[in-house]
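First comes the structure, then the notes that go with it.
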Amino acid sequence: MTQNSQALVLSSEYSDFPVTNPGALGSLDAYISAVYRMPMLTAEQESELGTRLRDNGDLNAARELIMSHLRLVVSISRQYLGYGLPHADLIQEGNVGLMKAVRRFDPSRGVRLVSFAVHWIKAEIHEYVIRNWRLVKVATTKAQRKLFFNLRRMRPDGQTLNSSQVEEIARELNVRPKDVSEMEVRMSGNDTSFDVPSDEDDGYAPVMYLSDNGHSEPSQVLERREAAKLQGTGLDNALAGLDARSRRIVEARWLQDDGSATLHDLASEFGVSAERIRQIEVAAFKKLRAALSDYTTEAA
């Protein structure tokens, strides 16, 4: 089972735990306040609940284990606020990691859940940060991931590293100096759009310097014409085939000129979890692709 499918199974099993969704209580502050009011478990209580979950699949036991450790997710998520990503989303991803940890927790090993869960929570948040920090992935190998999450902390005052500092960091993290230098460059750069920003009528962008060779070739003209059809009549017909909620989610997330809604915005609107909104979105896109494929076949 893949990570994504595991997350979907977990979210369906624990979908009646509204406080695991930071958007369910109206605001992030209210969520954090509620989380810190959750009672902590003693070692004996934790062992009993873990045994019930392991042996009997007791979801009430899972509920208590998850609820009592939500504050751990909040605490760990704060360590990643420097990457410019929404705190609520970091918490949401960390909660998925906590659920995975609870699912695998075995009290007979003599390890407290808090120690076991830290790894799973950080792993989920790491994946989310790497997927969303930039349009282009900056870390794919194990060494690059290690550098990505440690270099910001190890750079003195965020300044450019000199050769001796590069060597020192490479030794400490057991990576090549070349890897340290490359990651520093990657993290210092910014995403640049090929198009002119919508609010800059007189601006310049890389797209203006690209050649338009072949722009008027018949094949490209036909391709653009077909694309226009798909984005116009084809898309309208495909959207019309969706139910009202699915269409609202797709339009709010992807078809708004003034900024798209987040999963948590829509979760609050429909009174479900952000993961449920994601599932509806995935199903809607499958229907849209099928409808657009049929439209293209008929047009041909």
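Letters for chains follow the order of the structure tokens (A, B, ...), residue numbers begin at 1 for each chain, and ligand numbers begin at 1 in the order shown.
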#### Entry: Surrounding residues of range 275-286 of chain A excluding itself and chain neighbours under 2 positions, 8 Å, only C-alpha atoms, as a PyMOL selection string
chain A and resi 8+11+242+246-247+249-250+263+266-267+272-273+288-290
### Query
So which one's closest to Ala291 in chain A, A:Ser27, A:Ala261, A:Gln256, A:Leu239? Using only C-alpha atoms, please.
A:Leu239
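In this structure, CA of Glu46 in chain A sits 9.1 Å away from CA of Ala61 in chain A.
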### Message
Quick one: residues within 12 Å of range 141-149 of chain A, only C-alpha atoms, excluding same-chain residues fewer than 6 positions away - as a ChimeraX atom specification?
### Response
/A:79-80,82-83,122-123,125-127,129-131,133,155,166,169-188
Restricting it to N, CA, C and O atoms, dump the selection as a compact mmCIF listing (two decimals), in the first residue's frame.
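Final output, saved to out-v2.txt:
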# COMPACT_ATOMS: atom_id res chain seq x y z
N GLN A 79 8.35 23.97 14.38
CA GLN A 79 9.74 23.96 13.97
C GLN A 79 9.90 24.21 12.46
O GLN A 79 10.99 24.48 11.99
N TYR A 80 8.80 24.12 11.72
CA TYR A 80 8.86 24.23 10.26
C TYR A 80 8.17 25.49 9.73
O TYR A 80 7.91 25.60 8.53
N GLY A 82 9.41 28.37 9.40
CA GLY A 82 10.32 29.19 8.62
C GLY A 82 10.31 28.94 7.13
O GLY A 82 10.95 29.68 6.37
N TYR A 83 9.57 27.92 6.68
CA TYR A 83 9.53 27.62 5.25
C TYR A 83 8.39 28.34 4.54
O TYR A 83 8.15 28.12 3.36
N LYS A 122 7.30 13.86 11.87
CA LYS A 122 8.31 14.62 11.12
C LYS A 122 8.39 14.15 9.67
O LYS A 122 8.58 14.97 8.76
N ALA A 123 8.26 12.85 9.44
CA ALA A 123 8.34 12.32 8.07
C ALA A 123 7.25 12.90 7.19
O ALA A 123 7.49 13.30 6.05
N ILE A 125 5.55 15.74 7.68
CA ILE A 125 5.77 17.18 7.50
C ILE A 125 6.91 17.42 6.53
O ILE A 125 6.84 18.33 5.68
N HIS A 126 7.98 16.63 6.62
CA HIS A 126 9.09 16.77 5.68
C HIS A 126 8.61 16.62 4.23
O HIS A 126 8.98 17.40 3.36
N GLU A 127 7.81 15.57 3.98
CA GLU A 127 7.30 15.34 2.63
C GLU A 127 6.47 16.53 2.15
O GLU A 127 6.57 16.96 1.01
N VAL A 129 6.63 19.70 3.17
CA VAL A 129 7.47 20.87 2.95
C VAL A 129 8.21 20.76 1.63
O VAL A 129 8.24 21.71 0.83
N ILE A 130 8.79 19.60 1.35
CA ILE A 130 9.55 19.42 0.12
C ILE A 130 8.64 19.51 -1.10
O ILE A 130 9.02 20.07 -2.13
N ARG A 131 7.40 19.00 -1.00
CA ARG A 131 6.47 19.07 -2.13
C ARG A 131 6.00 20.49 -2.41
O ARG A 131 5.71 20.83 -3.56
N TRP A 133 7.38 23.65 -0.97
CA TRP A 133 8.22 24.83 -0.72
C TRP A 133 8.53 25.58 -2.01
O TRP A 133 8.57 26.79 -2.05
N ARG A 155 23.55 27.64 8.94
CA ARG A 155 24.18 28.81 8.32
C ARG A 155 24.23 29.95 9.34
O ARG A 155 23.19 30.35 9.86
N VAL A 166 31.68 25.50 4.68
CA VAL A 166 31.16 24.42 3.84
C VAL A 166 31.77 23.09 4.26
O VAL A 166 31.07 22.07 4.40
N ILE A 169 30.32 21.95 7.73
CA ILE A 169 28.96 21.42 7.64
C ILE A 169 28.96 20.06 6.96
O ILE A 169 28.23 19.14 7.37
N ALA A 170 29.78 19.90 5.92
CA ALA A 170 29.86 18.62 5.21
C ALA A 170 30.33 17.51 6.15
O ALA A 170 29.79 16.40 6.12
N ARG A 171 31.31 17.81 6.99
CA ARG A 171 31.79 16.81 7.94
C ARG A 171 30.71 16.46 8.97
O ARG A 171 30.50 15.30 9.31
N GLU A 172 30.03 17.48 9.47
CA GLU A 172 29.02 17.24 10.51
C GLU A 172 27.85 16.41 9.99
O GLU A 172 27.30 15.57 10.70
N LEU A 173 27.44 16.66 8.74
CA LEU A 173 26.29 15.95 8.18
C LEU A 173 26.69 14.73 7.35
O LEU A 173 25.82 14.04 6.81
N ASN A 174 27.99 14.49 7.24
CA ASN A 174 28.50 13.34 6.50
C ASN A 174 28.04 13.35 5.03
O ASN A 174 27.53 12.37 4.50
N VAL A 175 28.20 14.50 4.40
CA VAL A 175 27.90 14.65 2.97
C VAL A 175 29.11 15.30 2.30
O VAL A 175 30.06 15.72 2.95
N ARG A 176 29.06 15.41 0.98
CA ARG A 176 30.17 16.03 0.24
C ARG A 176 30.08 17.55 0.32
O ARG A 176 28.96 18.10 0.30
N PRO A 177 31.22 18.24 0.37
CA PRO A 177 31.19 19.72 0.33
C PRO A 177 30.46 20.24 -0.90
O PRO A 177 29.77 21.26 -0.82
N LYS A 178 30.59 19.53 -2.01
CA LYS A 178 29.89 19.94 -3.23
C LYS A 178 28.38 19.95 -3.03
O LYS A 178 27.68 20.84 -3.51
N ASP A 179 27.87 18.95 -2.27
CA ASP A 179 26.43 18.89 -2.01
C ASP A 179 25.97 20.08 -1.16
O ASP A 179 24.87 20.62 -1.36
N VAL A 180 26.81 20.48 -0.20
CA VAL A 180 26.48 21.64 0.65
C VAL A 180 26.38 22.90 -0.19
O VAL A 180 25.41 23.67 -0.07
N SER A 181 27.35 23.12 -1.07
CA SER A 181 27.36 24.32 -1.91
C SER A 181 26.16 24.34 -2.86
O SER A 181 25.52 25.38 -3.05
N GLU A 182 25.85 23.18 -3.44
CA GLU A 182 24.72 23.12 -4.38
C GLU A 182 23.39 23.39 -3.67
O GLU A 182 22.54 24.12 -4.20
N MET A 183 23.22 22.84 -2.46
CA MET A 183 21.97 23.07 -1.74
C MET A 183 21.86 24.52 -1.31
O MET A 183 20.75 25.09 -1.30
N GLU A 184 22.97 25.16 -0.95
CA GLU A 184 22.94 26.57 -0.57
C GLU A 184 22.44 27.41 -1.74
O GLU A 184 21.61 28.32 -1.57
N VAL A 185 22.92 27.11 -2.95
CA VAL A 185 22.48 27.85 -4.14
C VAL A 185 21.00 27.61 -4.40
O VAL A 185 20.25 28.53 -4.69
N ARG A 186 20.56 26.35 -4.28
CA ARG A 186 19.15 26.03 -4.52
C ARG A 186 18.23 26.76 -3.55
O ARG A 186 17.18 27.28 -3.92
N MET A 187 18.63 26.80 -2.28
CA MET A 187 17.78 27.42 -1.27
C MET A 187 17.81 28.94 -1.34
O MET A 187 16.92 29.61 -0.83
N SER A 188 18.84 29.49 -1.97
CA SER A 188 18.94 30.95 -2.07
C SER A 188 18.17 31.50 -3.25
O SER A 188 17.85 32.69 -3.30
### Separation of CA of Ser293 in chain A from CA of Ala244 in chain A, in Å and rounded to one decimal
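Value for the CA of Ser293 in chain A-CA of Ala244 in chain A distance: 21.5 Å.
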### Message
Counting only C-alpha atoms, which residue out of A:Val35, A:Arg109, A:Asp294, A:Asn56 sits closest to Asn95 in chain A?
### Response
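That would be A:Val35, the residue with the smallest distance to Asn95 in chain A.
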### Task
Would you mind reading off the distance between CA of Val102 in chain A and CA of Gly50 in chain A, one decimal, in Å?
8.1 Å
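Among A:Asn60, A:Ser115, A:Gln92, A:Asn162, the residue with the shortest atom-to-atom distance to Tyr31 in chain A, counting only C-alpha atoms, is A:Gln92.
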### Task
If you run DSSP over the backbone, which residues in range 20-54 of chain A end up helix (DSSP H, G or I)? Put them as an MDAnalysis selection string.
chainID A and resid 20 28:36 43:54
